[in-house]
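Chemist: Next up is a structure, given as structure tokens.
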Amino acid sequence: MSKAKPTVLRLPIVLRELEVTAVSQVSPLMRRITLGGEQLGAFHSNGFDLPAFRSEGPDDHVKILLPDPKTGELHLPRQADGILDWGGGGRPTGRSYTPRSYDPTSGELHIDFVMHGHGPAALWAASAKRGDRLHIAGPKSSLLIPDADWYILAGDETALPAIANWLERLPRSARVTALIQISDGGARIELNAPDTAEIVWLEDPQMRAQTLVEAVERLEWPAGDGFVWGAGERDAVRALRKHLIEVRGHDKSALDVVAYWHKGIEDEAMAAAQHRLHQLSDLLGPHALRAATTLRLADHIAGGATSVAQLVEKTGADALGLRLLVPVLLEYGILEGTPESLSLGVIGQRLREDQHDFEHFDLAGANARMDLAWAGLYQAVVGRTNGYASVFGRPFWQDMAADGELAASFDEEMAEWAQYWTGPVAKYICVPPGGTVSDVGGGAGVLLAAILRLNPQARGILVELPTAVKSAEPVLESQGVIDRVTLAAQSFFEPLPAASTQVLAHILHHWPDAEAVRILQRAREAAGPDGDIYVVERDHDPNGKDAKLSLQMYVLFGGRERTREEIDALAKAAGLKSNGARVTGPDLVVHHYRAETLEREGQKPIGR
């Protein structure tokens, strides 16, 4: 590892309210705002003693907090002990800027703004005047200048304050090259650089990414351990980092290259993207919610257990674990009050009122277990193992077979969902008078019951796993068709019971292509040479709203949602030919296949 690896100094994050004490022009394109106020020194806030402002590194960042540009409202966090508490409310418009300098003696903090004509921070700076108030937070850390044999600084005009800081703070004898990309000659500023420094101004009105990168590529690489610092537009930074690591072979620990802005993306959009990124990456919230649901905390609190101690007694949970969980549930608004006096937040109330939500998050049920399988997404995508199995140690169907309660919850969920689609689908399943229809993988028998009600002379076979067969009996009995149904508890890959009409509804998406073809082959064998096979799957658009569902099928089972053409291809591989298809609600396609091409008298294709 290079000796030029820098040290990072962590600092407490402090919210400060400051006042504009002076405004000056550093260049036609850069404006300097000088800030002062008592809160640059040590002060007391929200019950905490807070330290004076510090900026130890050349490229430190403070967050400037501004009102919402649409509403004009300024939402500020609360000061906590060394951190900020953002709570559950709105957030201010925040932008990061490098302190150009700070003098603790005079109590003056200088921040330089590039006047590019847009963005809330630049617009604020353009109109700022003495007496204006500004809230800042940070810096939260400082990257200290490392001891290196040489330095390369590369950045555009947004990086000028940091580059100026680097050049001022380096030893006067330092060997340093600074490459600075500017959009206009008016962006040049005076730089207090070491005597031997080489300063290269790269004027480029279009601010192209390759301008800065090509300048670095042309450099003669010095001998010894060096440090490279860079900042600017995202594409330039990305290409620069790639060159430094992959072409130059520079040690990653001896460089710091970061994106300051993004061409073609407004500041507000980028800030929203950053906020969304943190939302997407928050794994604590989903797990805390499921833990609270499984412990039935909402029910216990509604029943009068309103302290952590009482909840420990009711749930039998570990006292320390529950004491640590409750503040997080308070932060997310699931609970309200204090650990000694708890009540339900709006989310907690909904968990009690909506049984479907409760069951979805209860870790004792299949839904929550399937959600947890997302942790195996990476393993599935790289092809190492089934995603579900990588999390739980065995594939989904083996897990269901080993845990009767888990399987029952899955069957119950599937039966509830089936109520929405079986009616429209059943009317397109043609069963010859006196014939037999076999529902392969029919779950709780909801679809088979609907088909038999429409075909009172027909008989039915339900082919399913033992737990599903057991849950189907009361459903079939309640629909008055149980006396016409044979229950076959078996695998789909075994020879299937003979029936001239075979139905596979929402089965193929659970399986990879090879297994899906094998199931279709079994159905063809069971239907006989003149039989009919109906396949019901989603009307899949690979780029549409069910993209997430398709990925979930892949993680859980190794299967996926398929287009009509892809399902036809599986059927062809199984020795079947299409006899038409029909789109029905909700967003489903009923595919009709036969093992031979002649149409039976009086039966027409169902149409595509």
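Here, A, B, ... name the chains of the structure tokens in the order displayed, residue numbers run from 1 inside each chain, and ligands are numbered from 1 in the same displayed order.
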Which residues, written as a CSV table (one decimal) with N, CA and C atoms, in the first residue's frame, have at least one atom at most 10 Å from range 390-404 of chain A, with only C-alpha atoms counted and residues fewer than 5 positions away on the same chain left out?
Modeler:
```csv
chain,number,residue,atom,x,y,z
A,366,ALA,N,-45.6,-17.1,4.7
A,366,ALA,CA,-44.8,-17.3,3.5
A,366,ALA,C,-44.5,-15.9,2.8
A,369,ARG,N,-41.5,-14.4,4.3
A,369,ARG,CA,-40.3,-15.2,3.9
A,369,ARG,C,-39.9,-15.0,2.5
A,370,MET,N,-40.9,-14.9,1.6
A,370,MET,CA,-40.5,-14.6,0.2
A,370,MET,C,-39.9,-13.2,0.1
A,372,LEU,N,-38.0,-11.8,2.3
A,372,LEU,CA,-36.6,-11.9,2.8
A,372,LEU,C,-35.7,-12.5,1.8
A,373,ALA,N,-36.3,-13.3,0.9
A,373,ALA,CA,-35.4,-13.9,-0.2
A,373,ALA,C,-34.8,-12.9,-1.1
A,374,TRP,N,-35.2,-11.7,-1.1
A,374,TRP,CA,-34.5,-10.7,-1.9
A,374,TRP,C,-33.0,-10.5,-1.5
A,375,ALA,N,-32.7,-11.0,-0.3
A,375,ALA,CA,-31.3,-10.9,0.1
A,375,ALA,C,-30.4,-11.9,-0.7
A,376,GLY,N,-31.1,-12.8,-1.4
A,376,GLY,CA,-30.4,-13.7,-2.3
A,376,GLY,C,-30.3,-13.2,-3.7
A,377,LEU,N,-30.7,-12.0,-4.0
A,377,LEU,CA,-30.8,-11.5,-5.4
A,377,LEU,C,-29.4,-11.6,-6.0
A,378,TYR,N,-28.4,-11.1,-5.4
A,378,TYR,CA,-27.0,-11.1,-6.0
A,378,TYR,C,-26.6,-12.5,-6.3
A,379,GLN,N,-26.8,-13.5,-5.4
A,379,GLN,CA,-26.4,-14.9,-5.6
A,379,GLN,C,-27.1,-15.4,-6.8
A,380,ALA,N,-28.4,-15.1,-7.0
A,380,ALA,CA,-29.2,-15.6,-8.1
A,380,ALA,C,-28.7,-15.0,-9.4
A,384,ARG,N,-24.8,-18.3,-9.0
A,384,ARG,CA,-24.2,-19.2,-8.1
A,384,ARG,C,-25.1,-20.2,-7.5
A,385,THR,N,-26.4,-19.8,-7.2
A,385,THR,CA,-27.3,-20.7,-6.5
A,385,THR,C,-28.7,-20.0,-6.6
A,409,SER,N,-49.9,-21.0,4.9
A,409,SER,CA,-50.0,-19.6,4.7
A,409,SER,C,-49.9,-19.2,3.2
A,410,PHE,N,-49.0,-19.9,2.5
A,410,PHE,CA,-48.8,-19.7,1.1
A,410,PHE,C,-50.0,-20.1,0.3
A,411,ASP,N,-50.6,-21.3,0.7
A,411,ASP,CA,-51.8,-21.7,0.0
A,411,ASP,C,-53.0,-20.7,0.2
A,465,LEU,N,-49.4,-30.5,-4.3
A,465,LEU,CA,-48.6,-31.0,-3.1
A,465,LEU,C,-49.6,-31.3,-2.0
A,466,PRO,N,-49.2,-32.2,-1.1
A,466,PRO,CA,-50.1,-32.6,0.0
A,466,PRO,C,-50.7,-31.5,0.8
A,467,THR,N,-50.0,-30.5,1.1
A,467,THR,CA,-50.5,-29.4,1.9
A,467,THR,C,-51.6,-28.6,1.2
A,468,ALA,N,-51.4,-28.4,-0.1
A,468,ALA,CA,-52.4,-27.7,-0.9
A,468,ALA,C,-53.6,-28.5,-1.1
A,555,VAL,N,-35.7,-15.1,-8.4
A,555,VAL,CA,-35.0,-15.2,-7.1
A,555,VAL,C,-35.6,-16.4,-6.3
A,556,LEU,N,-36.9,-16.5,-6.3
A,556,LEU,CA,-37.6,-17.5,-5.5
A,556,LEU,C,-37.4,-18.9,-6.1
A,557,PHE,N,-37.6,-19.0,-7.4
A,557,PHE,CA,-37.7,-20.3,-8.0
A,557,PHE,C,-36.8,-20.6,-9.2
A,558,GLY,N,-36.1,-19.6,-9.7
A,558,GLY,CA,-35.3,-19.7,-10.9
A,558,GLY,C,-36.1,-19.6,-12.1
```
Chemist: What is the CA of Ala154 in chain A-CA of Val200 in chain A distance in Å, reported with one decimal?
Modeler: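 Distance between the two atoms: 9.6 Å.
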Chemist: Which residues come within 10 Å of Pro120 in chain A, counting only C-alpha atoms, excluding same-chain residues fewer than 6 positions away, as a count of residues only?
Modeler: 11
Chemist: Find the residue from A:Val237, A:Leu134, A:Ile567, A:Leu29 that sits nearest to Val257 in chain A; use only C-alpha atoms when measuring.
Modeler: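 Checking each of A:Val237, A:Leu134, A:Ile567, A:Leu29 against Val257 in chain A, counting only C-alpha atoms, the winner is A:Val237.
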